[in-house]
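Source file: upload00.cif; contents: mmCIF, C-alpha atoms and all ligand atoms.
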data_upload
#
loop_
_atom_site.label_atom_id
_atom_site.label_comp_id
_atom_site.auth_asym_id
_atom_site.auth_seq_id
_atom_site.Cartn_x
_atom_site.Cartn_y
_atom_site.Cartn_z
CA MET A 1 -131.50 9.67 4.28
CA ALA A 2 -130.45 12.99 2.97
CA GLU A 3 -126.99 14.24 3.72
CA LYS A 4 -126.68 17.07 6.19
CA LEU A 5 -124.26 19.81 5.26
CA VAL A 6 -122.11 21.58 7.82
CA VAL A 7 -119.87 24.50 6.90
CA LEU A 8 -116.78 25.03 9.04
CA ASP A 9 -115.37 28.54 9.12
CA PRO A 10 -111.77 28.90 10.30
CA GLY A 11 -111.64 32.57 11.34
CA HIS A 12 -109.24 35.19 9.90
CA GLY A 13 -106.57 34.17 7.33
CA GLY A 14 -104.19 35.82 4.87
CA LYS A 15 -103.54 39.47 5.72
CA ASP A 16 -105.68 39.07 8.87
CA PRO A 17 -103.71 36.94 11.37
CA GLY A 18 -106.33 37.30 14.12
CA ALA A 19 -104.90 37.45 17.63
CA SER A 20 -101.38 36.32 18.46
CA GLY A 21 -100.00 34.82 21.63
CA PRO A 22 -97.05 35.66 23.91
CA THR A 23 -94.78 33.49 21.72
CA LYS A 24 -96.25 35.05 18.54
CA LYS A 25 -98.26 32.02 17.50
CA ARG A 26 -101.19 33.15 15.36
CA GLU A 27 -104.89 32.53 15.71
CA LYS A 28 -105.37 32.09 11.94
CA ASP A 29 -103.03 29.08 11.93
CA PHE A 30 -104.63 27.43 14.95
CA VAL A 31 -108.18 27.74 13.62
CA LEU A 32 -107.27 26.43 10.15
CA THR A 33 -105.56 23.39 11.68
CA MET A 34 -108.62 22.75 13.83
CA ALA A 35 -111.10 23.09 10.97
CA LEU A 36 -109.07 20.69 8.81
CA LYS A 37 -108.95 18.18 11.69
CA VAL A 38 -112.71 18.37 12.23
CA GLU A 39 -113.20 17.98 8.48
CA ASP A 40 -110.94 14.91 8.42
CA ILE A 41 -113.08 13.24 11.08
CA LEU A 42 -116.46 14.20 9.57
CA LYS A 43 -115.35 13.15 6.06
CA ASN A 44 -115.64 9.54 7.21
CA VAL A 45 -119.03 9.86 8.87
CA PRO A 46 -121.96 8.74 6.71
CA ASN A 47 -124.87 11.15 6.11
CA ILE A 48 -122.89 14.29 6.79
CA THR A 49 -121.01 16.41 4.32
CA VAL A 50 -118.54 19.03 5.39
CA SER A 51 -117.33 22.10 3.55
CA LEU A 52 -114.88 24.83 4.60
CA THR A 53 -115.03 28.57 3.97
CA ARG A 54 -111.25 28.48 3.54
CA ARG A 55 -108.83 25.57 3.37
CA THR A 56 -105.64 27.61 3.04
CA ASP A 57 -104.12 30.78 4.45
CA VAL A 58 -106.29 33.21 2.49
CA TYR A 59 -108.23 36.30 3.48
CA LEU A 60 -112.01 36.25 3.29
CA GLU A 61 -114.45 39.04 4.11
CA LEU A 62 -116.83 38.23 6.96
CA SER A 63 -119.86 38.75 4.74
CA ASP A 64 -118.41 36.37 2.12
CA ARG A 65 -118.08 33.62 4.73
CA ALA A 66 -121.79 33.94 5.43
CA LYS A 67 -122.63 34.16 1.72
CA VAL A 68 -120.72 30.94 1.05
CA ALA A 69 -122.74 29.03 3.66
CA ASN A 70 -126.04 30.61 2.58
CA ARG A 71 -125.40 29.87 -1.06
CA MET A 72 -124.63 26.22 -0.25
CA LYS A 73 -127.85 26.07 1.80
CA ALA A 74 -125.85 24.59 4.64
CA ASP A 75 -127.77 23.10 7.56
CA PHE A 76 -125.30 24.29 10.17
CA PHE A 77 -122.41 26.75 10.37
CA VAL A 78 -119.53 26.59 12.86
CA SER A 79 -116.96 29.36 13.06
CA ILE A 80 -113.77 28.50 14.94
CA HIS A 81 -111.68 31.10 16.78
CA ALA A 82 -109.25 31.56 19.64
CA ASN A 83 -109.93 34.23 22.23
CA SER A 84 -107.64 37.06 23.26
CA PHE A 85 -107.73 39.52 26.15
CA LEU A 86 -105.41 39.48 29.17
CA SER A 87 -102.61 37.02 29.83
CA THR A 88 -104.70 35.83 32.79
CA SER A 89 -107.95 35.40 30.82
CA HIS A 90 -108.82 31.74 30.42
CA GLY A 91 -111.40 29.23 29.28
CA SER A 92 -113.59 28.10 26.40
CA GLU A 93 -116.85 29.76 25.33
CA THR A 94 -119.42 29.61 22.55
CA PHE A 95 -121.44 32.39 20.96
CA TYR A 96 -124.80 32.36 19.19
CA LYS A 97 -126.77 35.25 17.72
CA LYS A 98 -130.08 33.82 16.55
CA ASP A 99 -132.67 32.11 18.75
CA ASN A 100 -132.49 29.00 16.55
CA SER A 101 -128.79 28.62 17.41
CA LYS A 102 -128.79 28.60 21.20
CA SER A 103 -129.35 24.85 21.58
CA ALA A 104 -126.55 24.17 19.10
CA ALA A 105 -124.25 26.45 21.09
CA GLN A 106 -125.07 24.50 24.25
CA VAL A 107 -124.38 21.11 22.65
CA LEU A 108 -121.07 22.18 21.10
CA ASN A 109 -119.87 24.15 24.12
CA LYS A 110 -120.45 21.25 26.50
CA ALA A 111 -118.45 18.90 24.26
CA MET A 112 -115.68 21.42 23.62
CA VAL A 113 -115.20 22.21 27.31
CA GLY A 114 -115.28 18.51 28.18
CA ALA A 115 -112.42 17.88 25.77
CA SER A 116 -110.41 21.06 26.31
CA GLY A 117 -110.48 20.67 30.09
CA LEU A 118 -110.46 24.47 30.25
CA TYR A 119 -112.67 26.70 32.40
CA ASP A 120 -116.25 26.76 31.10
CA ARG A 121 -117.13 30.38 30.27
CA GLY A 122 -120.46 29.15 28.96
CA VAL A 123 -122.76 29.97 26.09
CA LYS A 124 -123.24 33.65 25.27
CA TYR A 125 -125.17 35.89 22.94
CA GLY A 126 -122.82 37.67 20.52
CA ASN A 127 -123.64 39.90 17.59
CA PHE A 128 -120.88 38.69 15.24
CA ALA A 129 -121.30 39.10 11.48
CA VAL A 130 -120.73 35.45 10.52
CA ILE A 131 -123.33 34.11 12.94
CA ARG A 132 -125.73 37.00 12.25
CA GLU A 133 -125.64 36.93 8.44
CA THR A 134 -125.81 33.16 8.00
CA THR A 135 -129.39 32.03 7.53
CA MET A 136 -129.01 28.59 9.16
CA PRO A 137 -128.25 27.83 12.85
CA SER A 138 -124.75 29.15 13.48
CA VAL A 139 -122.29 29.20 16.35
CA LEU A 140 -118.88 30.72 16.99
CA LEU A 141 -116.45 28.72 19.13
CA GLU A 142 -113.70 30.36 21.15
CA VAL A 143 -111.60 27.33 22.03
CA GLY A 144 -109.24 29.06 24.46
CA PHE A 145 -107.23 32.23 25.09
CA ILE A 146 -104.20 32.61 22.85
CA SER A 147 -103.25 35.64 25.01
CA ASN A 148 -102.75 33.31 27.98
CA PRO A 149 -99.29 31.63 27.88
CA GLU A 150 -100.54 28.26 29.15
CA GLU A 151 -103.54 28.20 26.84
CA GLU A 152 -101.46 29.35 23.86
CA LYS A 153 -99.21 26.35 24.42
CA LEU A 154 -102.22 24.01 24.62
CA LEU A 155 -103.87 25.41 21.50
CA PHE A 156 -100.81 24.38 19.49
CA ASP A 157 -100.42 20.98 21.17
CA THR A 158 -101.32 18.17 18.77
CA ALA A 159 -102.93 15.91 21.38
CA PHE A 160 -105.08 18.81 22.63
CA GLN A 161 -106.10 19.71 19.08
CA ASP A 162 -107.01 16.11 18.22
CA ARG A 163 -109.06 15.72 21.39
CA VAL A 164 -110.98 18.96 20.89
CA ALA A 165 -111.47 18.37 17.15
CA LEU A 166 -112.99 14.95 17.88
CA ALA A 167 -115.33 16.47 20.47
CA ILE A 168 -116.40 19.21 18.06
CA ALA A 169 -116.99 16.68 15.26
CA LYS A 170 -119.04 14.41 17.51
CA SER A 171 -121.10 17.27 18.91
CA ILE A 172 -121.83 18.55 15.39
CA CYS A 173 -123.25 15.09 14.61
CA ASP A 174 -125.22 15.07 17.89
CA TYR A 175 -126.74 18.43 17.18
CA MET A 176 -127.56 17.55 13.56
CA GLY A 177 -129.08 14.21 14.51
CA VAL A 178 -126.48 12.24 12.57
CA LYS A 179 -125.14 9.05 14.11
CA PHE A 180 -121.41 9.39 14.75
CA VAL A 181 -119.99 6.29 13.07
CA VAL A 182 -116.62 6.47 11.45
CA GLN A 183 -116.11 4.24 8.41
CA PRO A 184 -114.08 1.24 9.60
CA ALA A 185 -110.31 1.71 9.59
CA PRO A 186 -108.41 -0.72 7.35
CA THR A 187 -107.41 -3.92 9.16
CA PRO A 188 -103.77 -5.02 8.91
CA GLY A 189 -103.17 -7.37 6.00
CA LYS A 190 -106.24 -6.11 4.14
CA PRO A 191 -105.72 -3.78 1.20
CA VAL A 192 -105.74 -0.13 2.20
CA PRO A 193 -108.64 1.79 0.62
CA VAL A 194 -107.47 3.66 -2.43
CA SER A 195 -106.90 7.32 -1.88
CA TYR A 196 -107.51 9.40 -4.95
CA PRO A 197 -105.56 12.44 -6.18
CA ILE A 198 -107.20 15.66 -5.01
CA MET A 199 -108.64 18.06 -7.57
CA GLU A 200 -108.73 21.74 -6.72
CA VAL A 201 -112.14 23.01 -7.78
CA THR A 202 -112.98 26.69 -8.05
CA VAL A 203 -116.62 27.63 -8.50
CA HIS A 204 -116.78 31.13 -9.97
CA ALA A 205 -120.00 32.20 -8.31
CA GLU A 206 -120.31 35.25 -6.08
CA PRO A 207 -118.16 34.87 -4.07
CA ALA A 208 -115.82 32.46 -5.88
CA GLN A 209 -115.23 29.45 -3.67
CA LYS A 210 -112.70 26.62 -3.59
CA PHE A 211 -113.67 22.99 -3.03
CA GLU A 212 -111.92 19.66 -3.14
CA GLY A 213 -112.82 16.96 -5.62
CA ILE A 214 -111.04 13.74 -6.55
CA ASN A 215 -109.61 12.26 -9.71
CA VAL A 216 -110.61 8.65 -10.37
CA SER A 217 -108.93 7.23 -13.49
CA GLY A 218 -108.99 10.59 -15.21
CA THR A 219 -112.57 11.52 -14.27
CA THR A 220 -113.26 14.36 -11.85
CA TRP A 221 -115.75 13.47 -9.10
CA LEU A 222 -117.18 16.13 -6.81
CA PRO A 223 -119.08 16.09 -3.50
CA SER A 224 -122.56 16.70 -4.90
CA ARG A 225 -124.29 18.60 -2.13
CA PRO A 226 -122.03 21.61 -1.39
CA ILE A 227 -120.92 22.20 -4.99
CA GLY A 228 -124.30 21.41 -6.56
CA GLU A 229 -126.14 23.80 -4.26
CA TYR A 230 -123.40 26.41 -4.70
CA LEU A 231 -124.07 26.21 -8.44
CA GLY A 232 -127.76 26.83 -7.84
CA GLY A 233 -128.88 23.20 -8.26
CA LYS A 234 -131.23 21.24 -6.04
CA ILE A 235 -129.51 18.14 -4.69
CA GLY A 236 -131.57 15.19 -3.49
CA TYR A 237 -131.10 11.49 -2.83
CA LYS A 238 -133.13 8.59 -4.14
CA LYS A 239 -132.33 4.90 -3.65
CA GLY A 240 -128.62 5.50 -3.05
CA GLN A 241 -128.28 7.86 -5.99
CA VAL A 242 -127.82 11.58 -6.04
CA THR A 243 -130.46 13.54 -7.90
CA ILE A 244 -129.68 16.93 -9.42
CA ASN A 245 -132.76 19.04 -10.08
CA GLY A 246 -134.70 15.78 -9.95
CA THR A 247 -132.50 13.79 -12.33
CA ALA A 248 -130.72 10.76 -10.87
CA VAL A 249 -127.04 10.61 -11.83
CA GLU A 250 -124.24 8.09 -11.44
CA THR A 251 -123.15 8.25 -7.80
CA MET A 252 -120.07 7.11 -5.93
CA ASN A 253 -120.26 6.87 -2.16
CA ILE A 254 -117.01 7.95 -0.51
CA GLY A 255 -116.86 8.12 3.28
CA GLY A 256 -120.63 8.42 3.32
CA THR A 257 -120.67 11.39 0.94
CA GLY A 258 -122.36 11.18 -2.45
CA TYR A 259 -119.92 12.11 -5.24
CA VAL A 260 -120.97 12.75 -8.84
CA THR A 261 -118.87 13.49 -11.91
CA ALA A 262 -118.05 17.12 -12.63
CA ARG A 263 -119.59 16.72 -16.09
CA ALA A 264 -122.90 15.35 -14.84
CA LEU A 265 -123.08 17.97 -12.13
CA ALA A 266 -122.33 20.85 -14.49
CA GLU A 267 -124.66 19.54 -17.20
CA ASN A 268 -127.62 19.24 -14.84
CA VAL A 269 -127.27 22.73 -13.39
CA GLY A 270 -126.36 24.46 -16.68
CA ALA A 271 -122.80 25.25 -15.55
CA ARG A 272 -119.58 24.89 -17.53
CA PRO A 273 -116.48 23.11 -16.26
CA PHE A 274 -113.01 23.90 -17.61
CA TRP A 275 -110.01 21.73 -16.94
CA ASP A 276 -106.72 23.59 -16.68
CA LYS A 277 -104.42 22.22 -19.38
CA GLU A 278 -101.29 23.51 -17.63
CA ASN A 279 -102.31 22.07 -14.30
CA PRO A 280 -104.35 18.87 -14.52
CA THR A 281 -105.31 18.97 -10.83
CA LYS A 282 -107.33 22.14 -11.33
CA VAL A 283 -110.87 22.61 -12.58
CA ASP A 284 -112.84 25.84 -12.84
CA ILE A 285 -116.63 25.78 -12.93
CA TYR A 286 -118.71 28.72 -14.14
CA PRO A 287 -122.37 28.77 -13.07
CA LYS A 288 -125.15 29.52 -15.53
CA GLU A 289 -125.42 33.12 -14.32
CA ALA A 290 -121.73 33.77 -15.12
CA VAL A 291 -121.70 32.15 -18.58
ZN ZN A 301 -110.91 35.38 16.00
#
Final structure tokens representation of the file:
Amino acid sequence: MAEKLVVLDPGHGGKDPGASGPTKKREKDFVLTMALKVEDILKNVPNITVSLTRRTDVYLELSDRAKVANRMKADFFVSIHANSFLSTSHGSETFYKKDNSKSAAQVLNKAMVGASGLYDRGVKYGNFAVIRETTMPSVLLEVGFISNPEEEKLLFDTAFQDRVALAIAKSICDYMGVKFVVQPAPTPGKPVPVSYPIMEVTVHAEPAQKFEGINVSGTTWLPSRPIGEYLGGKIGYKKGQVTINGTAVETMNIGGTGYVTARALAENVGARPFWDKENPTKVDIYPKEAV
């Protein structure tokens, strides 16, 4: 089965804090935390790959967020926000723009409201750039009102965040037709699965985009689907192996995601990887068009 690719888009970031609450907590921090939590859950679900428009506190243009998802040929796009209006405004709601996104909005909204326990403001049509300019089904979640003192407090409560993140992750799987099975947790006494050092990967396409890879005994391995497609390659799957533009390459399955080496990936799409000599956790990849 081919991997489905979902792009999570934590709203705002960097110079754009988004809305802020009565105690000055910021929307950009809440949405990044949520996106990373949803990613953490989906990382361990087979047959789904997750990528983020931003993984740190950086500013991104709205049109670049859409470009990133379009370039990756994502199957689904989920933008995460917190609402702001009056201190008495309350509840969760979900926006869609395109006809092909309404059913997704309904699935995610139902799950989000179920977990948030907040008033259900329902599914609404909204002409927002990120859900208009993305070419795949796209929704924008407003988890709760940061302008409301009680909801602001909830939005920054860890238990609330975990509950809502789980519901969002599960509903993404439901909508995408992927079975929600988390890879088994390690049992006590058994060796803990190895966790590999993270590699910070920058793909210098338009726009430049950061990804996470891993370092296994000195070799850089990358999630094949988001990075391969971002580099203009065609990623497929055949008998447990990833194919890049039709060529099967050595594949490692991590948390249900097909990883390939940076060298194999670059070679098969005509890109060039450069490892940073000063900082061995960094790799820059230049696509064919930029070389
Ligand atoms: Zn927002």
* Which one is closest to ligand ZN 301 (chain A): A:Ile146, A:Val7, A:Ala205, A:Val68? Count all atoms listed in the file. -> A:Ile146
* Can you list, as a list in words, every protein, DNA or RNA residue that comes within 12 Å of Ser101 of chain A when you count all atoms listed in the file, leaving out same-chain residues fewer than 6 positions away? ->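 So, after excluding close chain neighbours, the residues are Asp75, Phe76, Phe77, Val78, Thr94, Phe95, Val107, Leu108, Val123, Lys124, Tyr125, Gly126, Ile131, Arg132, Thr134, Thr135, Met136, Pro137, Ser138, Val139, Leu140, Tyr175 and Met176 of chain A.
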* Skipping near chain neighbours, those fewer than 4 positions away, what residues fall within 6 Å of segment 282-284 of chain A using all atoms listed in the file, listed as a PyMOL selection string? -> chain A and resi 199-202+273-276
Let's have the selection written as a PDB file, in the frame of the given file, with C-alpha atoms.
ATOM      1  CA  MET A 199    -108.640  18.060  -7.570  1.00  0.00           C
ATOM      2  CA  GLU A 200    -108.730  21.740  -6.720  1.00  0.00           C
ATOM      3  CA  VAL A 201    -112.140  23.010  -7.780  1.00  0.00           C
ATOM      4  CA  THR A 202    -112.980  26.690  -8.050  1.00  0.00           C
ATOM      5  CA  PRO A 273    -116.480  23.110 -16.260  1.00  0.00           C
ATOM      6  CA  PHE A 274    -113.010  23.900 -17.610  1.00  0.00           C
ATOM      7  CA  TRP A 275    -110.010  21.730 -16.940  1.00  0.00           C
ATOM      8  CA  ASP A 276    -106.720  23.590 -16.680  1.00  0.00           C
TER       9      ASP A 276
END
* **ligand ZN 301 (chain A) neighbours within 6 Å using only C-alpha atoms and all ligand atoms, as number ranges by chain** => A: 11, 18, 81-82
Residues within 8 Å of (-102.1, 33.9, 27.7), file coordinates, counting only C-alpha atoms: what are they? Give the list as a PDB file with C-alpha atoms, in the frame of the given file.
ATOM      1  CA  GLY A  21    -100.000  34.820  21.630  1.00  0.00           C
ATOM      2  CA  PRO A  22     -97.050  35.660  23.910  1.00  0.00           C
ATOM      3  CA  SER A  84    -107.640  37.060  23.260  1.00  0.00           C
ATOM      4  CA  LEU A  86    -105.410  39.480  29.170  1.00  0.00           C
ATOM      5  CA  SER A  87    -102.610  37.020  29.830  1.00  0.00           C
ATOM      6  CA  THR A  88    -104.700  35.830  32.790  1.00  0.00           C
ATOM      7  CA  SER A  89    -107.950  35.400  30.820  1.00  0.00           C
ATOM      8  CA  HIS A  90    -108.820  31.740  30.420  1.00  0.00           C
ATOM      9  CA  PHE A 145    -107.230  32.230  25.090  1.00  0.00           C
ATOM     10  CA  ILE A 146    -104.200  32.610  22.850  1.00  0.00           C
ATOM     11  CA  SER A 147    -103.250  35.640  25.010  1.00  0.00           C
ATOM     12  CA  ASN A 148    -102.750  33.310  27.980  1.00  0.00           C
ATOM     13  CA  PRO A 149     -99.290  31.630  27.880  1.00  0.00           C
ATOM     14  CA  GLU A 150    -100.540  28.260  29.150  1.00  0.00           C
ATOM     15  CA  GLU A 151    -103.540  28.200  26.840  1.00  0.00           C
ATOM     16  CA  GLU A 152    -101.460  29.350  23.860  1.00  0.00           C
TER      17      GLU A 152
END
* Asked: Mind pulling up the distance from atom CA of Ser51 of chain A to atom CA of Ala74 of chain A?
  ->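 About the pair atom CA of Ala74 of chain A and atom CA of Ser51 of chain A: they are 8.9 Å apart.
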* To do: Go through A:Ala35, A:Val143, A:Val58, A:Val6 and flag the residue nearest Lys210 of chain A, using all atoms listed in the file for the distances.
  =>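 Nearest to Lys210 of chain A: A:Val58.
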* To do: Enter the distance from atom CA of Ala264 of chain A to atom CA of Val45 of chain A, in Å, rounded to one decimal.
  =>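 If I compute the distance from atom CA of Ala264 of chain A to atom CA of Val45 of chain A, I get 24.6 Å.
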* Which residue gives the smallest distance to Tyr259 of chain A among A:Pro10, A:Gly213, A:Gly218, A:Gly246, with only C-alpha atoms counted? ->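 Among the listed residues, A:Gly213 lies closest to Tyr259 of chain A.
Distance annotation: of A:Leu5, A:Ala262, A:Val249, A:Ala115, the residue with the minimal separation from Glu39 of chain A is A:Leu5; atom set is all atoms listed in the file.
The space between atom CA of Phe30 of chain A and atom CA of Leu118 of chain A spans 16.6 Å.
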* Among listed residues A:Glu250, A:Asn44, A:Glu289, A:Arg163, nearest Lys238 of chain A (using only C-alpha atoms) ->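 Closest candidate: A:Glu250.
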* Polymer residues at most 7 Å from Asp9 of chain A, all atoms listed in the file, same-chain spacing of 6 or more positions, as a ChimeraX atom specification -> /A:52-54,78-80
* To do: May I have the residues within 8 Å of Tyr196 of chain A as a PyMOL selection string, using all atoms listed in the file and disregarding those fewer than 5 positions away in the same chain?
  => chain A and resi 214-216
* List every protein, DNA or RNA residue that has an atom no more than 10 Å from (-116.9, 31.2, 34.6) in the file's coordinate frame, counting all atoms listed in the file, and report them as an MDAnalysis selection string. => chainID A and resid 90:93 119:122
* Pick the closest to Lys234 of chain A from A:Met72, A:Ala271, A:Leu154, A:Val181: which is it, counting only C-alpha atoms? -> A:Met72
* Asked: Which neighbours of Gly233 of chain A fall inside 7 Å, counting only C-alpha atoms, when residues of the same chain fewer than 6 positions from it are skipped, and could you give them as a list in words?
  ->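 Non-adjacent residues within range: Ile244, Asn245 and Val269 of chain A.
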Export all heavy atoms of segment 143-153 of chain A from the structure just given, as a PDB file, in the first residue's frame?
ATOM      1  N   VAL A 143      -9.048  25.518  17.103  1.00  0.00           N
ATOM      2  CA  VAL A 143      -9.255  24.594  18.231  1.00  0.00           C
ATOM      3  C   VAL A 143     -10.096  25.233  19.337  1.00  0.00           C
ATOM      4  O   VAL A 143     -10.956  24.584  19.929  1.00  0.00           O
ATOM      5  CB  VAL A 143      -7.899  24.101  18.788  1.00  0.00           C
ATOM      6  CG1 VAL A 143      -8.107  23.132  19.937  1.00  0.00           C
ATOM      7  CG2 VAL A 143      -7.086  23.437  17.674  1.00  0.00           C
ATOM      8  N   GLY A 144      -9.854  26.500  19.624  1.00  0.00           N
ATOM      9  CA  GLY A 144     -10.605  27.187  20.671  1.00  0.00           C
ATOM     10  C   GLY A 144     -10.248  28.658  20.640  1.00  0.00           C
ATOM     11  O   GLY A 144      -9.400  29.074  19.834  1.00  0.00           O
ATOM     12  N   PHE A 145     -10.884  29.449  21.506  1.00  0.00           N
ATOM     13  CA  PHE A 145     -10.652  30.900  21.513  1.00  0.00           C
ATOM     14  C   PHE A 145      -9.583  31.284  22.533  1.00  0.00           C
ATOM     15  O   PHE A 145      -9.795  31.196  23.738  1.00  0.00           O
ATOM     16  CB  PHE A 145     -11.951  31.645  21.815  1.00  0.00           C
ATOM     17  CG  PHE A 145     -12.805  31.826  20.601  1.00  0.00           C
ATOM     18  CD1 PHE A 145     -13.666  30.808  20.190  1.00  0.00           C
ATOM     19  CD2 PHE A 145     -12.742  32.988  19.838  1.00  0.00           C
ATOM     20  CE1 PHE A 145     -14.449  30.958  19.055  1.00  0.00           C
ATOM     21  CE2 PHE A 145     -13.512  33.142  18.693  1.00  0.00           C
ATOM     22  CZ  PHE A 145     -14.371  32.129  18.310  1.00  0.00           C
ATOM     23  N   ILE A 146      -8.464  31.768  22.020  1.00  0.00           N
ATOM     24  CA  ILE A 146      -7.385  32.216  22.901  1.00  0.00           C
ATOM     25  C   ILE A 146      -7.784  33.539  23.575  1.00  0.00           C
ATOM     26  O   ILE A 146      -7.216  33.913  24.609  1.00  0.00           O
ATOM     27  CB  ILE A 146      -6.058  32.312  22.109  1.00  0.00           C
ATOM     28  CG1 ILE A 146      -4.850  32.298  23.040  1.00  0.00           C
ATOM     29  CG2 ILE A 146      -6.054  33.512  21.172  1.00  0.00           C
ATOM     30  CD1 ILE A 146      -3.511  32.134  22.338  1.00  0.00           C
ATOM     31  N   SER A 147      -8.774  34.231  23.014  1.00  0.00           N
ATOM     32  CA  SER A 147      -9.240  35.502  23.597  1.00  0.00           C
ATOM     33  C   SER A 147     -10.154  35.263  24.811  1.00  0.00           C
ATOM     34  O   SER A 147     -10.471  36.205  25.536  1.00  0.00           O
ATOM     35  CB  SER A 147     -10.000  36.309  22.542  1.00  0.00           C
ATOM     36  OG  SER A 147     -11.056  35.535  21.983  1.00  0.00           O
ATOM     37  N   ASN A 148     -10.561  34.033  25.002  1.00  0.00           N
ATOM     38  CA  ASN A 148     -11.426  33.673  26.123  1.00  0.00           C
ATOM     39  C   ASN A 148     -10.548  33.123  27.258  1.00  0.00           C
ATOM     40  O   ASN A 148      -9.800  32.163  27.048  1.00  0.00           O
ATOM     41  CB  ASN A 148     -12.431  32.617  25.625  1.00  0.00           C
ATOM     42  CG  ASN A 148     -13.313  32.065  26.727  1.00  0.00           C
ATOM     43  OD1 ASN A 148     -12.860  31.768  27.823  1.00  0.00           O
ATOM     44  ND2 ASN A 148     -14.583  31.900  26.414  1.00  0.00           N
ATOM     45  N   PRO A 149     -10.583  33.742  28.460  1.00  0.00           N
ATOM     46  CA  PRO A 149      -9.650  33.347  29.523  1.00  0.00           C
ATOM     47  C   PRO A 149      -9.683  31.851  29.853  1.00  0.00           C
ATOM     48  O   PRO A 149      -8.627  31.235  30.034  1.00  0.00           O
ATOM     49  CB  PRO A 149     -10.092  34.163  30.746  1.00  0.00           C
ATOM     50  CG  PRO A 149     -11.052  35.184  30.252  1.00  0.00           C
ATOM     51  CD  PRO A 149     -11.493  34.823  28.862  1.00  0.00           C
ATOM     52  N   GLU A 150     -10.897  31.265  29.889  1.00  0.00           N
ATOM     53  CA  GLU A 150     -10.959  29.824  30.217  1.00  0.00           C
ATOM     54  C   GLU A 150     -10.365  28.973  29.088  1.00  0.00           C
ATOM     55  O   GLU A 150      -9.662  28.001  29.335  1.00  0.00           O
ATOM     56  CB  GLU A 150     -12.397  29.360  30.458  1.00  0.00           C
ATOM     57  CG  GLU A 150     -12.957  29.721  31.820  1.00  0.00           C
ATOM     58  CD  GLU A 150     -13.965  30.848  31.712  1.00  0.00           C
ATOM     59  OE1 GLU A 150     -15.046  30.609  31.140  1.00  0.00           O
ATOM     60  OE2 GLU A 150     -13.666  31.975  32.174  1.00  0.00           O
ATOM     61  N   GLU A 151     -10.680  29.365  27.861  1.00  0.00           N
ATOM     62  CA  GLU A 151     -10.175  28.562  26.736  1.00  0.00           C
ATOM     63  C   GLU A 151      -8.674  28.772  26.535  1.00  0.00           C
ATOM     64  O   GLU A 151      -7.951  27.846  26.175  1.00  0.00           O
ATOM     65  CB  GLU A 151     -10.983  28.840  25.457  1.00  0.00           C
ATOM     66  CG  GLU A 151     -12.412  28.334  25.620  1.00  0.00           C
ATOM     67  CD  GLU A 151     -13.205  28.211  24.324  1.00  0.00           C
ATOM     68  OE1 GLU A 151     -12.672  28.470  23.224  1.00  0.00           O
ATOM     69  OE2 GLU A 151     -14.405  27.846  24.426  1.00  0.00           O
ATOM     70  N   GLU A 152      -8.186  29.969  26.817  1.00  0.00           N
ATOM     71  CA  GLU A 152      -6.738  30.214  26.738  1.00  0.00           C
ATOM     72  C   GLU A 152      -6.006  29.249  27.676  1.00  0.00           C
ATOM     73  O   GLU A 152      -5.017  28.620  27.307  1.00  0.00           O
ATOM     74  CB  GLU A 152      -6.393  31.659  27.118  1.00  0.00           C
ATOM     75  CG  GLU A 152      -4.894  31.959  27.038  1.00  0.00           C
ATOM     76  CD  GLU A 152      -4.461  33.179  27.849  1.00  0.00           C
ATOM     77  OE1 GLU A 152      -5.112  33.478  28.881  1.00  0.00           O
ATOM     78  OE2 GLU A 152      -3.471  33.831  27.465  1.00  0.00           O
ATOM     79  N   LYS A 153      -6.550  29.126  28.884  1.00  0.00           N
ATOM     80  CA  LYS A 153      -5.934  28.253  29.883  1.00  0.00           C
ATOM     81  C   LYS A 153      -5.925  26.799  29.380  1.00  0.00           C
ATOM     82  O   LYS A 153      -4.919  26.092  29.487  1.00  0.00           O
ATOM     83  CB  LYS A 153      -6.724  28.364  31.195  1.00  0.00           C
ATOM     84  CG  LYS A 153      -5.931  27.999  32.419  1.00  0.00           C
ATOM     85  CD  LYS A 153      -6.713  28.325  33.675  1.00  0.00           C
ATOM     86  CE  LYS A 153      -6.220  27.452  34.820  1.00  0.00           C
ATOM     87  NZ  LYS A 153      -7.176  27.383  35.909  1.00  0.00           N
TER      88      LYS A 153
END
